Amino acid sequence: MDTAAAEWTTAREGEPVRRAGRRFAAWCAGLLLAAVSVVVGCRAADSDGFTPVPQVLAFLPWLLAPAGLALLLALLGRWRLGMVWSLLVLGLLAWFVEPYGKTDEPGGASVAEFRVLTSNVEFGRGTGSLVPEIRRHKPDLVFVEECEYTCQARLTQDFGTDYPYRQAVAAGGSHGSIILSRFPLKATAGVTGTMGMPGAVADVRGHAVRLQLAHPMPPLPGQVDLWRRELGRLRDAAAATRAPMILAGDFNASQDHAAFRRILDTGLRDAARLTGHDRTPSWPARTAPPFGAQIDHVLVSRDFSASSAHFLNLPDTDHRALLVDVTLHQRG
């Protein structure tokens, strides 16, 4: 057998292997695209879907990686439909990664500038790390989630003079929460939830400002409906409030969740978004900022502008704290 014939025979024998490899690459691309498309489809339909979609939606931008891998596999597998499918999914993801919510500035004169801090201290374990941050940054309002009995006692003892006004739900574990304030507070009913979500009205230089701590249940498997209902109650509270409002805490939701976007649709603005930090992760703290989701927020009504936002790393808690500087404006 001459050399040309031998090469032709070898090529024919290798063709089935190459075809099998292309089929395998196309098959893997199809699996990736099917999984990503379910999540992207729910996002496009303005729905949080069902488990595991709500859990994955929190990390929507990271789906660019499997979608990009699917495109590469479709190219290797010479699967034209898969290439088109991949490009469509990547385009939708790029569209949805864009920030959500309004950013228009209030037109009235400045009334008061102050600082707001929110922190989930994970069953109170991060209280010792939060205390020096409060002393360092001197926020005027502090919203603390998962602040159980020991946490509340520590904050009251250390800051009883600096923050003489408090509104709390006293409970153990993740159910306790507290609002500390330099401004006089009048208690309100708050929002009903599995975990404590106290509310108050602050007197900010003669202007009534509605304060509401947010801490709905997370979208755990089997509890997605409860998570959706509790976010809905926060949405209803925001929609019913006519006074300037600050709604802050651990929402267990990002801008990629429909239930959270409905809160923004009441007219509230995300202070992190207003300062260019709309995709900065706050949870889980071990992997943030390189990887994570922004589920801790300070939302403000259109009476406020925001000048800065900083995410603080606290040991002993799985959340980063969020510190924002806001300005209350006179209504026109």
# chains A, B, ... in the order shown; residues from 1 in each chain; ligands from 1

call {"tool": "residues_around", "arguments": {"residues": "Leu57 (chain A)", "least_positions_apart": "3", "cutoff": "8 Å", "atoms": "only C-alpha atoms", "output": "list in words"}}
result
Val39, Arg43, Asp48, Val53, Pro54, Leu60, Asp256 and His257 of chain A

call {"tool": "residues_around", "arguments": {"residues": "Gly68 (chain A)", "least_positions_apart": "6", "cutoff": "10 Å", "atoms": "only C-alpha atoms", "output": "VMD selection string"}}
result
chain A and resid 29 32 to 33 74 86 to 87 89 to 90

call {"tool": "write_last_selection", "arguments": {"atoms": "all heavy atoms", "output": "PDB file, in the first residue's frame"}}
result
ATOM      1  N   ALA A  29     -23.235  20.895  25.052  1.00  0.00           N
ATOM      2  CA  ALA A  29     -23.713  22.260  24.829  1.00  0.00           C
ATOM      3  C   ALA A  29     -25.217  22.340  25.018  1.00  0.00           C
ATOM      4  O   ALA A  29     -25.738  23.292  25.619  1.00  0.00           O
ATOM      5  CB  ALA A  29     -23.323  22.717  23.426  1.00  0.00           C
ATOM      6  N   LEU A  32     -26.101  22.329  28.776  1.00  0.00           N
ATOM      7  CA  LEU A  32     -25.817  23.621  29.403  1.00  0.00           C
ATOM      8  C   LEU A  32     -26.851  24.665  28.993  1.00  0.00           C
ATOM      9  O   LEU A  32     -27.374  25.413  29.827  1.00  0.00           O
ATOM     10  CB  LEU A  32     -24.422  24.098  29.004  1.00  0.00           C
ATOM     11  CG  LEU A  32     -23.233  23.420  29.690  1.00  0.00           C
ATOM     12  CD1 LEU A  32     -21.925  23.856  29.046  1.00  0.00           C
ATOM     13  CD2 LEU A  32     -23.215  23.746  31.183  1.00  0.00           C
ATOM     14  N   LEU A  33     -27.152  24.710  27.709  1.00  0.00           N
ATOM     15  CA  LEU A  33     -28.100  25.704  27.217  1.00  0.00           C
ATOM     16  C   LEU A  33     -29.498  25.480  27.761  1.00  0.00           C
ATOM     17  O   LEU A  33     -30.221  26.437  28.068  1.00  0.00           O
ATOM     18  CB  LEU A  33     -28.120  25.692  25.688  1.00  0.00           C
ATOM     19  CG  LEU A  33     -26.890  26.292  25.015  1.00  0.00           C
ATOM     20  CD1 LEU A  33     -26.905  26.009  23.522  1.00  0.00           C
ATOM     21  CD2 LEU A  33     -26.815  27.789  25.272  1.00  0.00           C
ATOM     22  N   ALA A  74     -20.601  24.229  21.082  1.00  0.00           N
ATOM     23  CA  ALA A  74     -21.390  24.187  19.844  1.00  0.00           C
ATOM     24  C   ALA A  74     -20.503  24.407  18.631  1.00  0.00           C
ATOM     25  O   ALA A  74     -20.685  23.776  17.576  1.00  0.00           O
ATOM     26  CB  ALA A  74     -22.502  25.233  19.896  1.00  0.00           C
ATOM     27  N   SER A  86     -26.906  29.697  21.635  1.00  0.00           N
ATOM     28  CA  SER A  86     -25.943  30.247  22.596  1.00  0.00           C
ATOM     29  C   SER A  86     -25.855  31.762  22.483  1.00  0.00           C
ATOM     30  O   SER A  86     -25.835  32.479  23.493  1.00  0.00           O
ATOM     31  CB  SER A  86     -24.556  29.645  22.353  1.00  0.00           C
ATOM     32  OG  SER A  86     -24.561  28.249  22.508  1.00  0.00           O
ATOM     33  N   LEU A  87     -25.811  32.262  21.246  1.00  0.00           N
ATOM     34  CA  LEU A  87     -25.715  33.709  21.055  1.00  0.00           C
ATOM     35  C   LEU A  87     -26.962  34.425  21.559  1.00  0.00           C
ATOM     36  O   LEU A  87     -26.875  35.519  22.138  1.00  0.00           O
ATOM     37  CB  LEU A  87     -25.486  34.019  19.574  1.00  0.00           C
ATOM     38  CG  LEU A  87     -24.108  33.619  19.020  1.00  0.00           C
ATOM     39  CD1 LEU A  87     -24.079  33.787  17.511  1.00  0.00           C
ATOM     40  CD2 LEU A  87     -23.003  34.441  19.680  1.00  0.00           C
ATOM     41  N   VAL A  89     -28.936  33.375  24.041  1.00  0.00           N
ATOM     42  CA  VAL A  89     -28.887  33.337  25.508  1.00  0.00           C
ATOM     43  C   VAL A  89     -27.876  34.355  26.038  1.00  0.00           C
ATOM     44  O   VAL A  89     -28.142  35.086  26.995  1.00  0.00           O
ATOM     45  CB  VAL A  89     -28.552  31.913  25.996  1.00  0.00           C
ATOM     46  CG1 VAL A  89     -28.235  31.913  27.488  1.00  0.00           C
ATOM     47  CG2 VAL A  89     -29.712  30.968  25.712  1.00  0.00           C
ATOM     48  N   LEU A  90     -26.708  34.429  25.404  1.00  0.00           N
ATOM     49  CA  LEU A  90     -25.690  35.391  25.829  1.00  0.00           C
ATOM     50  C   LEU A  90     -26.200  36.823  25.666  1.00  0.00           C
ATOM     51  O   LEU A  90     -25.941  37.679  26.522  1.00  0.00           O
ATOM     52  CB  LEU A  90     -24.410  35.187  25.022  1.00  0.00           C
ATOM     53  CG  LEU A  90     -23.558  33.972  25.415  1.00  0.00           C
ATOM     54  CD1 LEU A  90     -22.494  33.699  24.355  1.00  0.00           C
ATOM     55  CD2 LEU A  90     -22.905  34.191  26.777  1.00  0.00           C
TER      56      LEU A  90
END

call {"tool": "closest_residue", "arguments": {"among": "A:Val38, A:Val326, A:Ala237, A:Ala243", "to": "Asp270 (chain A)", "atoms": "only C-alpha atoms"}}
result
A:Val326

call {"tool": "closest_residue", "arguments": {"among": "A:Gly176, A:Pro66, A:Gly49, A:Gly276", "to": "Ala153 (chain A)", "atoms": "only C-alpha atoms"}}
result
A:Gly176

call {"tool": "select_by_dssp", "arguments": {"residues": "region 44-195 of chain A", "states": "strand (DSSP E)", "output": "ChimeraX atom specification"}}
result
/A:110-120,141-145,165-169,177-181,185-188

call {"tool": "write_last_selection", "arguments": {"atoms": "N, CA and C atoms", "output": "PDB file, in the first residue's frame"}}
result
ATOM      1  N   SER A 110     -31.790  70.620  49.716  1.00  0.00           N
ATOM      2  CA  SER A 110     -31.300  69.670  50.711  1.00  0.00           C
ATOM      3  C   SER A 110     -31.819  70.018  52.098  1.00  0.00           C
ATOM      4  N   VAL A 111     -32.315  69.001  52.798  1.00  0.00           N
ATOM      5  CA  VAL A 111     -32.839  69.185  54.147  1.00  0.00           C
ATOM      6  C   VAL A 111     -31.862  68.659  55.194  1.00  0.00           C
ATOM      7  N   ALA A 112     -31.328  67.448  54.952  1.00  0.00           N
ATOM      8  CA  ALA A 112     -30.418  66.836  55.914  1.00  0.00           C
ATOM      9  C   ALA A 112     -29.565  65.782  55.217  1.00  0.00           C
ATOM     10  N   GLU A 113     -28.303  65.716  55.607  1.00  0.00           N
ATOM     11  CA  GLU A 113     -27.391  64.674  55.151  1.00  0.00           C
ATOM     12  C   GLU A 113     -27.092  63.754  56.317  1.00  0.00           C
ATOM     13  N   PHE A 114     -27.178  62.458  56.094  1.00  0.00           N
ATOM     14  CA  PHE A 114     -26.868  61.514  57.165  1.00  0.00           C
ATOM     15  C   PHE A 114     -26.431  60.179  56.591  1.00  0.00           C
ATOM     16  N   ARG A 115     -26.010  59.298  57.475  1.00  0.00           N
ATOM     17  CA  ARG A 115     -25.391  58.034  57.089  1.00  0.00           C
ATOM     18  C   ARG A 115     -26.231  56.867  57.603  1.00  0.00           C
ATOM     19  N   VAL A 116     -26.364  55.832  56.767  1.00  0.00           N
ATOM     20  CA  VAL A 116     -27.166  54.652  57.097  1.00  0.00           C
ATOM     21  C   VAL A 116     -26.295  53.406  56.973  1.00  0.00           C
ATOM     22  N   LEU A 117     -26.396  52.521  57.947  1.00  0.00           N
ATOM     23  CA  LEU A 117     -25.656  51.263  57.937  1.00  0.00           C
ATOM     24  C   LEU A 117     -26.630  50.107  58.118  1.00  0.00           C
ATOM     25  N   THR A 118     -26.486  49.068  57.298  1.00  0.00           N
ATOM     26  CA  THR A 118     -27.255  47.843  57.517  1.00  0.00           C
ATOM     27  C   THR A 118     -26.307  46.669  57.584  1.00  0.00           C
ATOM     28  N   SER A 119     -26.581  45.727  58.490  1.00  0.00           N
ATOM     29  CA  SER A 119     -25.690  44.584  58.667  1.00  0.00           C
ATOM     30  C   SER A 119     -26.462  43.386  59.200  1.00  0.00           C
ATOM     31  N   ASN A 120     -26.283  42.246  58.555  1.00  0.00           N
ATOM     32  CA  ASN A 120     -26.776  40.968  59.075  1.00  0.00           C
ATOM     33  C   ASN A 120     -25.624  40.331  59.831  1.00  0.00           C
ATOM     34  N   LEU A 141     -28.244  56.076  61.378  1.00  0.00           N
ATOM     35  CA  LEU A 141     -29.244  55.016  61.477  1.00  0.00           C
ATOM     36  C   LEU A 141     -28.551  53.683  61.255  1.00  0.00           C
ATOM     37  N   VAL A 142     -28.871  52.699  62.091  1.00  0.00           N
ATOM     38  CA  VAL A 142     -28.259  51.374  61.988  1.00  0.00           C
ATOM     39  C   VAL A 142     -29.365  50.324  61.984  1.00  0.00           C
ATOM     40  N   PHE A 143     -29.400  49.516  60.936  1.00  0.00           N
ATOM     41  CA  PHE A 143     -30.353  48.417  60.820  1.00  0.00           C
ATOM     42  C   PHE A 143     -29.566  47.115  60.987  1.00  0.00           C
ATOM     43  N   VAL A 144     -29.930  46.316  61.992  1.00  0.00           N
ATOM     44  CA  VAL A 144     -29.171  45.093  62.268  1.00  0.00           C
ATOM     45  C   VAL A 144     -30.118  43.895  62.236  1.00  0.00           C
ATOM     46  N   GLU A 145     -29.842  42.969  61.323  1.00  0.00           N
ATOM     47  CA  GLU A 145     -30.640  41.754  61.184  1.00  0.00           C
ATOM     48  C   GLU A 145     -29.958  40.584  61.901  1.00  0.00           C
ATOM     49  N   TYR A 165     -32.345  56.192  70.718  1.00  0.00           N
ATOM     50  CA  TYR A 165     -33.645  55.765  70.191  1.00  0.00           C
ATOM     51  C   TYR A 165     -33.487  54.422  69.485  1.00  0.00           C
ATOM     52  N   ARG A 166     -34.358  53.480  69.841  1.00  0.00           N
ATOM     53  CA  ARG A 166     -34.261  52.122  69.293  1.00  0.00           C
ATOM     54  C   ARG A 166     -35.656  51.556  69.064  1.00  0.00           C
ATOM     55  N   GLN A 167     -35.748  50.712  68.051  1.00  0.00           N
ATOM     56  CA  GLN A 167     -36.965  49.951  67.796  1.00  0.00           C
ATOM     57  C   GLN A 167     -36.523  48.533  67.453  1.00  0.00           C
ATOM     58  N   ALA A 168     -37.033  47.552  68.178  1.00  0.00           N
ATOM     59  CA  ALA A 168     -36.513  46.195  68.029  1.00  0.00           C
ATOM     60  C   ALA A 168     -37.613  45.154  68.077  1.00  0.00           C
ATOM     61  N   VAL A 169     -37.296  43.997  67.504  1.00  0.00           N
ATOM     62  CA  VAL A 169     -38.051  42.770  67.728  1.00  0.00           C
ATOM     63  C   VAL A 169     -37.123  41.874  68.522  1.00  0.00           C
ATOM     64  N   SER A 177     -34.193  41.516  65.473  1.00  0.00           N
ATOM     65  CA  SER A 177     -33.672  42.617  64.666  1.00  0.00           C
ATOM     66  C   SER A 177     -33.830  43.907  65.448  1.00  0.00           C
ATOM     67  N   ILE A 178     -33.011  44.906  65.082  1.00  0.00           N
ATOM     68  CA  ILE A 178     -33.065  46.174  65.809  1.00  0.00           C
ATOM     69  C   ILE A 178     -32.699  47.327  64.891  1.00  0.00           C
ATOM     70  N   ILE A 179     -33.331  48.474  65.132  1.00  0.00           N
ATOM     71  CA  ILE A 179     -32.980  49.734  64.479  1.00  0.00           C
ATOM     72  C   ILE A 179     -32.442  50.664  65.559  1.00  0.00           C
ATOM     73  N   LEU A 180     -31.226  51.176  65.374  1.00  0.00           N
ATOM     74  CA  LEU A 180     -30.641  52.182  66.260  1.00  0.00           C
ATOM     75  C   LEU A 180     -30.689  53.532  65.553  1.00  0.00           C
ATOM     76  N   SER A 181     -30.983  54.592  66.301  1.00  0.00           N
ATOM     77  CA  SER A 181     -31.159  55.898  65.662  1.00  0.00           C
ATOM     78  C   SER A 181     -30.659  57.032  66.543  1.00  0.00           C
ATOM     79  N   LEU A 185     -37.508  58.569  67.475  1.00  0.00           N
ATOM     80  CA  LEU A 185     -38.309  57.583  66.769  1.00  0.00           C
ATOM     81  C   LEU A 185     -39.697  57.469  67.379  1.00  0.00           C
ATOM     82  N   LYS A 186     -40.655  57.230  66.516  1.00  0.00           N
ATOM     83  CA  LYS A 186     -42.004  56.856  66.942  1.00  0.00           C
ATOM     84  C   LYS A 186     -42.271  55.464  66.395  1.00  0.00           C
ATOM     85  N   ALA A 187     -42.678  54.552  67.261  1.00  0.00           N
ATOM     86  CA  ALA A 187     -42.867  53.161  66.853  1.00  0.00           C
ATOM     87  C   ALA A 187     -44.012  53.024  65.868  1.00  0.00           C
ATOM     88  N   THR A 188     -43.856  52.099  64.923  1.00  0.00           N
ATOM     89  CA  THR A 188     -44.932  51.708  64.024  1.00  0.00           C
ATOM     90  C   THR A 188     -45.057  50.187  64.085  1.00  0.00           C
TER      91      THR A 188
END

call {"tool": "atom_distance", "arguments": {"atom1": "CA of Thr287 (chain A)", "atom2": "CA of Val121 (chain A)"}}
result
16.7 Å

call {"tool": "atom_distance", "arguments": {"atom1": "CA of Thr192 (chain A)", "atom2": "CA of Leu155 (chain A)"}}
result
23.7 Å

call {"tool": "closest_atom_pairs", "arguments": {"of": "region 183-244 of chain A", "to": "region 296-313 of chain A", "cutoff": "10 Å", "atoms": "only C-alpha atoms", "output": "Markdown table"}}
result
| residue | atom | partner | partner_atom | distance |
| --- | --- | --- | --- | --- |
| A:Val209 | CA | A:Ser301 | CA | 9.8 |
| A:Arg210 | CA | A:Ser301 | CA | 9.8 |
| A:Leu211 | CA | A:Val300 | CA | 9.7 |
| A:Gln212 | CA | A:Leu299 | CA | 9.8 |
| A:Leu213 | CA | A:Val298 | CA | 9.5 |
| A:Ala214 | CA | A:His297 | CA | 8.9 |
| A:His215 | CA | A:Asp296 | CA | 9.4 |
| A:Ala238 | CA | A:Ser301 | CA | 8.8 |
| A:Thr241 | CA | A:Ser301 | CA | 9.5 |
| A:Arg242 | CA | A:Ser301 | CA | 9.4 |
| A:Ala243 | CA | A:Ser301 | CA | 8.6 |
| A:Pro244 | CA | A:Ser301 | CA | 5.8 |

call {"tool": "write_last_selection", "arguments": {"atoms": "N, CA, C and O atoms", "output": "PDB file, in the first residue's frame"}}
result
ATOM      1  N   VAL A 209     -39.676  60.610  58.559  1.00  0.00           N
ATOM      2  CA  VAL A 209     -39.104  59.640  57.616  1.00  0.00           C
ATOM      3  C   VAL A 209     -39.469  58.246  58.101  1.00  0.00           C
ATOM      4  O   VAL A 209     -39.150  57.857  59.223  1.00  0.00           O
ATOM      5  N   ARG A 210     -40.158  57.502  57.254  1.00  0.00           N
ATOM      6  CA  ARG A 210     -40.566  56.130  57.582  1.00  0.00           C
ATOM      7  C   ARG A 210     -39.365  55.202  57.441  1.00  0.00           C
ATOM      8  O   ARG A 210     -38.714  55.168  56.398  1.00  0.00           O
ATOM      9  N   LEU A 211     -39.074  54.464  58.513  1.00  0.00           N
ATOM     10  CA  LEU A 211     -37.991  53.482  58.523  1.00  0.00           C
ATOM     11  C   LEU A 211     -38.583  52.080  58.585  1.00  0.00           C
ATOM     12  O   LEU A 211     -39.513  51.829  59.352  1.00  0.00           O
ATOM     13  N   GLN A 212     -38.055  51.185  57.787  1.00  0.00           N
ATOM     14  CA  GLN A 212     -38.506  49.802  57.811  1.00  0.00           C
ATOM     15  C   GLN A 212     -37.317  48.874  57.593  1.00  0.00           C
ATOM     16  O   GLN A 212     -36.597  48.993  56.610  1.00  0.00           O
ATOM     17  N   LEU A 213     -37.122  47.970  58.546  1.00  0.00           N
ATOM     18  CA  LEU A 213     -36.074  46.962  58.400  1.00  0.00           C
ATOM     19  C   LEU A 213     -36.612  45.800  57.575  1.00  0.00           C
ATOM     20  O   LEU A 213     -37.751  45.362  57.769  1.00  0.00           O
ATOM     21  N   ALA A 214     -35.810  45.291  56.651  1.00  0.00           N
ATOM     22  CA  ALA A 214     -36.207  44.181  55.779  1.00  0.00           C
ATOM     23  C   ALA A 214     -35.411  42.932  56.121  1.00  0.00           C
ATOM     24  O   ALA A 214     -34.180  42.969  56.178  1.00  0.00           O
ATOM     25  N   HIS A 215     -36.124  41.833  56.338  1.00  0.00           N
ATOM     26  CA  HIS A 215     -35.465  40.536  56.536  1.00  0.00           C
ATOM     27  C   HIS A 215     -36.461  39.408  56.273  1.00  0.00           C
ATOM     28  O   HIS A 215     -36.855  38.668  57.170  1.00  0.00           O
ATOM     29  N   ALA A 238     -44.136  49.580  51.166  1.00  0.00           N
ATOM     30  CA  ALA A 238     -43.527  50.674  50.406  1.00  0.00           C
ATOM     31  C   ALA A 238     -44.571  51.414  49.586  1.00  0.00           C
ATOM     32  O   ALA A 238     -44.567  52.652  49.518  1.00  0.00           O
ATOM     33  N   THR A 241     -46.758  53.834  51.697  1.00  0.00           N
ATOM     34  CA  THR A 241     -46.099  54.926  52.416  1.00  0.00           C
ATOM     35  C   THR A 241     -46.032  56.171  51.550  1.00  0.00           C
ATOM     36  O   THR A 241     -45.516  56.131  50.430  1.00  0.00           O
ATOM     37  N   ARG A 242     -46.539  57.258  52.077  1.00  0.00           N
ATOM     38  CA  ARG A 242     -46.515  58.523  51.348  1.00  0.00           C
ATOM     39  C   ARG A 242     -45.391  59.435  51.828  1.00  0.00           C
ATOM     40  O   ARG A 242     -44.978  60.344  51.110  1.00  0.00           O
ATOM     41  N   ALA A 243     -44.875  59.179  53.009  1.00  0.00           N
ATOM     42  CA  ALA A 243     -43.776  59.977  53.551  1.00  0.00           C
ATOM     43  C   ALA A 243     -42.450  59.502  52.956  1.00  0.00           C
ATOM     44  O   ALA A 243     -42.373  58.415  52.371  1.00  0.00           O
ATOM     45  N   PRO A 244     -41.386  60.293  53.088  1.00  0.00           N
ATOM     46  CA  PRO A 244     -40.057  59.797  52.721  1.00  0.00           C
ATOM     47  C   PRO A 244     -39.771  58.481  53.444  1.00  0.00           C
ATOM     48  O   PRO A 244     -40.147  58.315  54.613  1.00  0.00           O
TER      49      PRO A 244
END

call {"tool": "closest_residue", "arguments": {"among": "A:Lys102, A:His319, A:Arg233, A:Arg23", "to": "Trp79 (chain A)", "atoms": "only C-alpha atoms"}}
result
A:Arg23

call {"tool": "residues_around", "arguments": {"residues": "Gln255 (chain A)", "least_positions_apart": "3", "cutoff": "10 Å", "atoms": "only C-alpha atoms", "output": "ChimeraX atom specification"}}
result
/A:57-58,60,96-101,258-264,270,278-279,293-295

call {"tool": "atom_distance", "arguments": {"atom1": "CA of Gly190 (chain A)", "atom2": "CA of Thr127 (chain A)"}}
result
23.0 Å

call {"tool": "select_by_dssp", "arguments": {"residues": "region 259-324 of chain A", "states": "helix (DSSP H, G or I)", "output": "ChimeraX atom specification"}}
result
/A:259-264,271-274

call {"tool": "residues_around", "arguments": {"residues": "Asp316 (chain A)", "least_positions_apart": "6", "cutoff": "8 Å", "atoms": "only C-alpha atoms", "output": "list of chain:residue names"}}
result
A:Val121, A:Glu122, A:Arg125, A:Gly126, A:Ser129

call {"tool": "residues_around", "arguments": {"residues": "region 217-226 of chain A", "least_positions_apart": "2", "cutoff": "8 Å", "atoms": "only C-alpha atoms", "output": "JSON, numbers by chain"}}
result
{"A": [50, 51, 52, 54, 55, 193, 194, 195, 215, 228, 229, 230, 252, 253]}

call {"tool": "write_last_selection", "arguments": {"atoms": "N, CA, C and O atoms", "output": "CSV table (one decimal), in the first residue's frame"}}
result
chain,number,residue,atom,x,y,z
A,50,PHE,N,-39.7,28.4,40.0
A,50,PHE,CA,-39.7,27.4,41.1
A,50,PHE,C,-38.3,26.9,41.3
A,50,PHE,O,-37.4,27.1,40.5
A,51,THR,N,-38.1,26.3,42.5
A,51,THR,CA,-36.8,25.7,42.8
A,51,THR,C,-36.2,24.8,41.7
A,51,THR,O,-37.0,24.0,41.2
A,52,PRO,N,-35.0,25.1,41.2
A,52,PRO,CA,-33.9,25.9,41.8
A,52,PRO,C,-33.8,27.3,41.1
A,52,PRO,O,-32.8,27.9,41.3
A,54,PRO,N,-35.2,30.4,41.6
A,54,PRO,CA,-35.0,31.5,42.5
A,54,PRO,C,-33.6,31.6,43.1
A,54,PRO,O,-33.0,32.6,43.2
A,55,GLN,N,-33.1,30.4,43.5
A,55,GLN,CA,-31.7,30.3,44.0
A,55,GLN,C,-30.7,30.7,43.0
A,55,GLN,O,-29.7,31.4,43.3
A,193,GLY,N,-43.5,39.1,59.5
A,193,GLY,CA,-42.7,38.1,58.8
A,193,GLY,C,-42.2,37.1,59.8
A,193,GLY,O,-42.4,37.2,61.0
A,194,THR,N,-41.7,36.0,59.2
A,194,THR,CA,-41.2,34.9,60.1
A,194,THR,C,-40.1,35.4,61.0
A,194,THR,O,-40.0,35.0,62.2
A,195,MET,N,-39.2,36.3,60.4
A,195,MET,CA,-38.1,36.9,61.2
A,195,MET,C,-38.5,38.4,61.4
A,195,MET,O,-39.3,38.9,60.7
A,215,HIS,N,-36.1,41.8,56.3
A,215,HIS,CA,-35.5,40.5,56.5
A,215,HIS,C,-36.5,39.4,56.3
A,215,HIS,O,-36.9,38.7,57.2
A,228,ARG,N,-41.6,34.7,48.8
A,228,ARG,CA,-42.3,35.6,47.8
A,228,ARG,C,-43.4,36.4,48.6
A,228,ARG,O,-43.6,37.6,48.3
A,229,ARG,N,-44.1,35.8,49.5
A,229,ARG,CA,-45.2,36.5,50.3
A,229,ARG,C,-44.6,37.6,51.1
A,229,ARG,O,-45.1,38.7,51.2
A,230,GLU,N,-43.5,37.3,51.8
A,230,GLU,CA,-42.9,38.3,52.7
A,230,GLU,C,-42.3,39.4,51.9
A,230,GLU,O,-42.3,40.6,52.4
A,252,ASN,N,-32.6,39.0,51.1
A,252,ASN,CA,-32.5,37.7,50.5
A,252,ASN,C,-33.0,37.7,49.1
A,252,ASN,O,-33.6,36.7,48.6
A,253,ALA,N,-32.7,38.8,48.3
A,253,ALA,CA,-33.1,38.9,46.9
A,253,ALA,C,-32.2,39.9,46.3
A,253,ALA,O,-31.8,40.9,46.9

call {"tool": "closest_residue", "arguments": {"among": "A:Gly41, A:Gly77, A:Pro139, A:Ala65", "to": "Arg18 (chain A)", "atoms": "only C-alpha atoms"}}
result
A:Gly77

call {"tool": "decode", "arguments": {"residues": "region 149-164 of chain A", "atoms": "N, CA and C atoms", "output": "compact mmCIF listing (two decimals), in the first residue's frame"}}
result
# COMPACT_ATOMS: atom_id res chain seq x y z
N TYR A 149 -30.93 38.20 71.38
CA TYR A 149 -30.93 38.85 72.69
C TYR A 149 -29.55 39.40 73.08
N THR A 150 -28.51 38.58 72.92
CA THR A 150 -27.17 39.00 73.32
C THR A 150 -26.69 40.17 72.48
N CYS A 151 -26.97 40.12 71.19
CA CYS A 151 -26.59 41.21 70.29
C CYS A 151 -27.29 42.50 70.69
N GLN A 152 -28.57 42.44 70.96
CA GLN A 152 -29.30 43.65 71.33
C GLN A 152 -28.80 44.21 72.66
N ALA A 153 -28.48 43.32 73.59
CA ALA A 153 -27.95 43.78 74.88
C ALA A 153 -26.60 44.48 74.69
N ARG A 154 -25.74 43.90 73.85
CA ARG A 154 -24.42 44.49 73.61
C ARG A 154 -24.54 45.86 72.94
N LEU A 155 -25.38 45.98 71.93
CA LEU A 155 -25.53 47.25 71.24
C LEU A 155 -26.15 48.31 72.15
N THR A 156 -27.10 47.90 72.99
CA THR A 156 -27.72 48.84 73.92
C THR A 156 -26.71 49.31 74.95
N GLN A 157 -25.88 48.39 75.44
CA GLN A 157 -24.88 48.73 76.44
C GLN A 157 -23.80 49.66 75.86
N ASP A 158 -23.33 49.34 74.65
CA ASP A 158 -22.23 50.10 74.07
C ASP A 158 -22.66 51.42 73.46
N PHE A 159 -23.93 51.50 73.01
CA PHE A 159 -24.35 52.69 72.26
C PHE A 159 -25.62 53.32 72.83
N GLY A 160 -25.87 53.06 74.10
CA GLY A 160 -27.08 53.60 74.71
C GLY A 160 -27.14 55.12 74.68
N THR A 161 -25.97 55.77 74.77
CA THR A 161 -25.90 57.22 74.76
C THR A 161 -25.88 57.78 73.34
N ASP A 162 -25.08 57.14 72.48
CA ASP A 162 -24.94 57.62 71.10
C ASP A 162 -26.21 57.41 70.28
N TYR A 163 -26.91 56.31 70.60
CA TYR A 163 -28.15 55.99 69.88
C TYR A 163 -29.26 55.79 70.92
N PRO A 164 -29.80 56.90 71.41
CA PRO A 164 -30.79 56.79 72.49
C PRO A 164 -32.14 56.26 72.02
